[in-house]
Amino acid sequence: MSSDLHLLQTALTKTSDRWLSRLRALVECESPTEDAAAVNRAMDMAIAWAEELGGRVMRHPQTGYGDVVELWFGDQANGRKPLMLLGHLDTVWPLGTLAGMPWRQEADAQGRMRLWGPGVLDMKAGVVMALAAVEAVQQNGGLSQPVVLLLNPDEETGSEVSRPHTERIARECEAVFVLEPAQGLPGTTEDAAYKTARKGVGHYRLDVAGVASHSGVDFTRGRSAVLELARLLLKVEKFTDLETGLTVNPGVIGGGTRSNVIAAHAWAEVDVRIARAADAERVDRLFHGLTVGDPACSLQVSGGINRPPMERGEGTVRLFEQARALAASLGMELKEASTGGGSDGNFTAGIGVPTLDGMGAVGEGAHAAHESLLLDHLLLLPRTLLLAAMIASGK
């Protein structure tokens with residue numbers, strides 16, 4: 001290990017207990033996306049910690065969501081393009097989840113020490129890691145370029161209000177590090193990998209209108225929207241193309257009013273994932289090309305691709321190779337992986353900014369009751385040390 005890495009390691013070791021305590025406080029500050037005040041309470045905590053490090057705050061109030069927060073570190077006038085650290089503080093967990101899913105630190109069945117709690121993995125640990133890494137770099141030579149930690153309030157519901165801010169800032173940045181969880185657990189095929197590709201995400205809704213009638217008295221006068229929707233979904237199923245990474249899932253359907261009424265309305269919500277940006281237009285044509293078979297029924301299609309894919313571009317590969325070399329100097333074998341899930345990194349990669357994802361904590365159970373992370377991969381030390389080394393090395 002080089003002397004610079006040793007100094008970063010020493011700094012992180014000295015502060016690990018403090019940052020672990022702060023992670024607990026952040027997890028116990030529940031922050032579901034739909035509760036703007038709750039999300040802002042979590043934002044307030046991160047802001048206070050950033051200000052202790054000399055961070056400059058730009059806060060963008062939103063309607064119906066928590067605030068979008070920019071935390072700037074380093075000299076913005078030094079002529080270097082900034083580095084973006086990208087995260088979010090909203091979670092999928094409603095207020096009160098802590099009562100049945102409390103913060104705890106204990107060993108799992110394999111004897112590995114874990115931290116448990118709503119949002120601990122996705123992705124409050126990543127936010128704490130970012131701040132701890134920035135502090136370590138500041139204490140050992142300082143930042144070679146400006147760093148902005150962007151905290152979004154609505155990632156879990158599609159980043160409707162934060163996306164413009166993410167893209168605006170990213171366009172001025174040299175690279176983006178996304179603090180979402182790693183891919184896979186140690187000992188698995190992917191083994192705590194950084195993510196160099198993500199699928200794009202889309203959402204379509206099909207609304208079918210039929211003709212209502214009494215199913216016993218006037219059966220032949222009715223035109224069932226439910227049956228028409230069923231026929232349409234058989235067509236939608238065929239849009240899936242596993243060879244190109246296109247998947248289509250009608251995940252939620254509904255319709256009708258009573259079993260003895262021919263349904264006048266039916267609907268379906270469809271999840272779409274694409275691996276290539278070039279497929280977005282083709283998918284849109286497929287959905288808008290759907291037609292009803294019964295002329296008495298009508299179809300309305302809405303929605304579209306709302307996150308472009310993060311493709312494995314040259315800039316991202318360059319970042320990964322840099323990270324892999326630094327990891328090797330720390331005695332770590334760093335792997336890369338792709339995933340079907342989306343993040344705000346899809347937006348930054350989609351506008352051509354080199355983006356490396358999955359740089360946060362190592363664990364499992366995001367969005368599930370067993371959400372947890374492995375403590376020995378957090379602040380003590382490998383993941384946060386590697387993040388600090390990447391920040392210190394400059395792009």
# chains A, B, ... in the order shown; residues from 1 in each chain; ligands from 1
$ select_by_dssp --residues "region 132-322 of chain A" --states "strand (DSSP E or B)" --output "number ranges by chain"
A: 147-152, 175-178, 183, 193-198, 200-209, 211, 213-214, 223, 241, 246-255, 261-262, 265-274, 298-307, 310
$ atom_distance --atom1 "CA of Val261 (chain A)" --atom2 "CA of Ala212 (chain A)"
6.6 Å
$ residues_around --residues "Ser298 (chain A)" --least-positions-apart "6" --cutoff "12 Å" --atoms "only C-alpha atoms" --output "list in words"
Leu206, Asp207, Val208, Ala209, Gly210, Val211, Arg223, Ser224, Ala225, Val226, Glu228, Leu229, Leu232, Ala264, His265, Ala266, Trp267, Leu290, Thr291 and Val292 of chain A
$ residues_around --residues "Val317 (chain A)" --least-positions-apart "3" --cutoff "10 Å" --atoms "only C-alpha atoms" --output "ChimeraX atom specification"
/A:196-197,312-314,320-323,336,354-356
$ write_last_selection --atoms "N, CA and C atoms" --output "short mmCIF file (atom, residue, chain, number, x, y, z; two decimals), in the first residue's frame"
data_model
loop_
_atom_site.label_atom_id
_atom_site.label_comp_id
_atom_site.auth_asym_id
_atom_site.auth_seq_id
_atom_site.Cartn_x
_atom_site.Cartn_y
_atom_site.Cartn_z
N THR A 196 -20.98 -1.07 -14.10
CA THR A 196 -20.56 -0.31 -15.28
C THR A 196 -21.67 -0.24 -16.34
N ALA A 197 -22.79 -0.87 -16.07
CA ALA A 197 -23.93 -0.78 -16.99
C ALA A 197 -25.22 -1.03 -16.22
N ARG A 312 -22.19 0.65 -21.18
CA ARG A 312 -20.78 0.49 -20.79
C ARG A 312 -19.89 1.23 -21.80
N GLY A 313 -19.81 2.55 -21.62
CA GLY A 313 -19.07 3.37 -22.55
C GLY A 313 -17.59 3.46 -22.20
N GLU A 314 -16.84 4.08 -23.09
CA GLU A 314 -15.39 4.18 -22.94
C GLU A 314 -15.00 4.91 -21.66
N PHE A 320 -13.49 2.51 -14.34
CA PHE A 320 -13.43 1.22 -13.67
C PHE A 320 -12.01 0.68 -13.63
N GLU A 321 -11.28 0.83 -14.73
CA GLU A 321 -9.90 0.33 -14.74
C GLU A 321 -9.05 1.06 -13.71
N GLN A 322 -9.30 2.35 -13.53
CA GLN A 322 -8.60 3.12 -12.51
C GLN A 322 -8.95 2.57 -11.12
N ALA A 323 -10.24 2.31 -10.89
CA ALA A 323 -10.67 1.78 -9.61
C ALA A 323 -10.10 0.39 -9.37
N GLU A 336 -16.59 -5.97 -12.07
CA GLU A 336 -17.62 -5.10 -12.62
C GLU A 336 -18.84 -5.94 -12.97
N PRO A 354 -18.91 10.29 -18.08
CA PRO A 354 -18.41 9.02 -17.53
C PRO A 354 -18.96 8.78 -16.13
N THR A 355 -19.57 7.62 -15.93
CA THR A 355 -20.29 7.34 -14.69
C THR A 355 -19.94 5.95 -14.19
N LEU A 356 -19.58 5.86 -12.93
CA LEU A 356 -19.30 4.59 -12.29
C LEU A 356 -20.28 4.43 -11.13
#
$ residues_around --residues "Val161 (chain A)" --least-positions-apart "4" --cutoff "8 Å" --atoms "only C-alpha atoms" --output "number ranges by chain"
A: 62, 65, 154, 165
$ write_last_selection --atoms "N, CA and C atoms" --output "mmCIF file, in the first residue's frame"
data_model
loop_
_atom_site.group_PDB
_atom_site.id
_atom_site.type_symbol
_atom_site.label_atom_id
_atom_site.label_comp_id
_atom_site.auth_asym_id
_atom_site.auth_seq_id
_atom_site.Cartn_x
_atom_site.Cartn_y
_atom_site.Cartn_z
ATOM 1 N N GLN A 62 -38.663 22.045 -3.305
ATOM 2 C CA GLN A 62 -39.548 21.417 -4.278
ATOM 3 C C GLN A 62 -40.978 21.413 -3.759
ATOM 4 N N TYR A 65 -42.226 17.246 -2.737
ATOM 5 C CA TYR A 65 -41.078 16.391 -2.440
ATOM 6 C C TYR A 65 -40.136 17.142 -1.502
ATOM 7 N N ASP A 154 -36.156 12.061 -4.433
ATOM 8 C CA ASP A 154 -37.247 11.350 -5.108
ATOM 9 C C ASP A 154 -36.766 10.227 -6.017
ATOM 10 N N HIS A 165 -31.880 18.757 -12.140
ATOM 11 C CA HIS A 165 -30.726 19.193 -11.368
ATOM 12 C C HIS A 165 -29.550 18.238 -11.574
#
$ residues_around --residues "Lys124 (chain A)" --least-positions-apart "6" --cutoff "9 Å" --atoms "only C-alpha atoms" --output "list in words"
Leu23, Leu26, Val27, Gly87, His88, Leu89, Asp90 and Thr91 of chain A
$ atom_distance --atom1 "CA of Pro153 (chain A)" --atom2 "CA of Thr166 (chain A)"
11.6 Å
$ atom_distance --atom1 "CA of Ala388 (chain A)" --atom2 "CA of Ala366 (chain A)"
24.2 Å
$ select_by_dssp --residues "region 302-347 of chain A" --states "alpha helix (DSSP H)" --output "list in words"
Glu314, Gly315, Thr316, Val317, Arg318, Leu319, Phe320, Glu321, Gln322, Ala323, Arg324, Ala325, Leu326, Ala327, Ala328, Ser329, Gly345, Asn346 and Phe347 of chain A
$ closest_residue --among "A:Glu172, A:Glu135, A:Asp191, A:Glu160" --to "Leu334 (chain A)" --atoms "only C-alpha atoms"
A:Asp191
$ closest_residue --among "A:Ile274, A:Ala36, A:Met43, A:Ala268" --to "Met58 (chain A)" --atoms "only C-alpha atoms"
A:Met43
$ closest_residue --among "A:Gly360, A:Gly251, A:Gly200, A:Gly74" --to "Ala392 (chain A)" --atoms "only C-alpha atoms"
A:Gly74
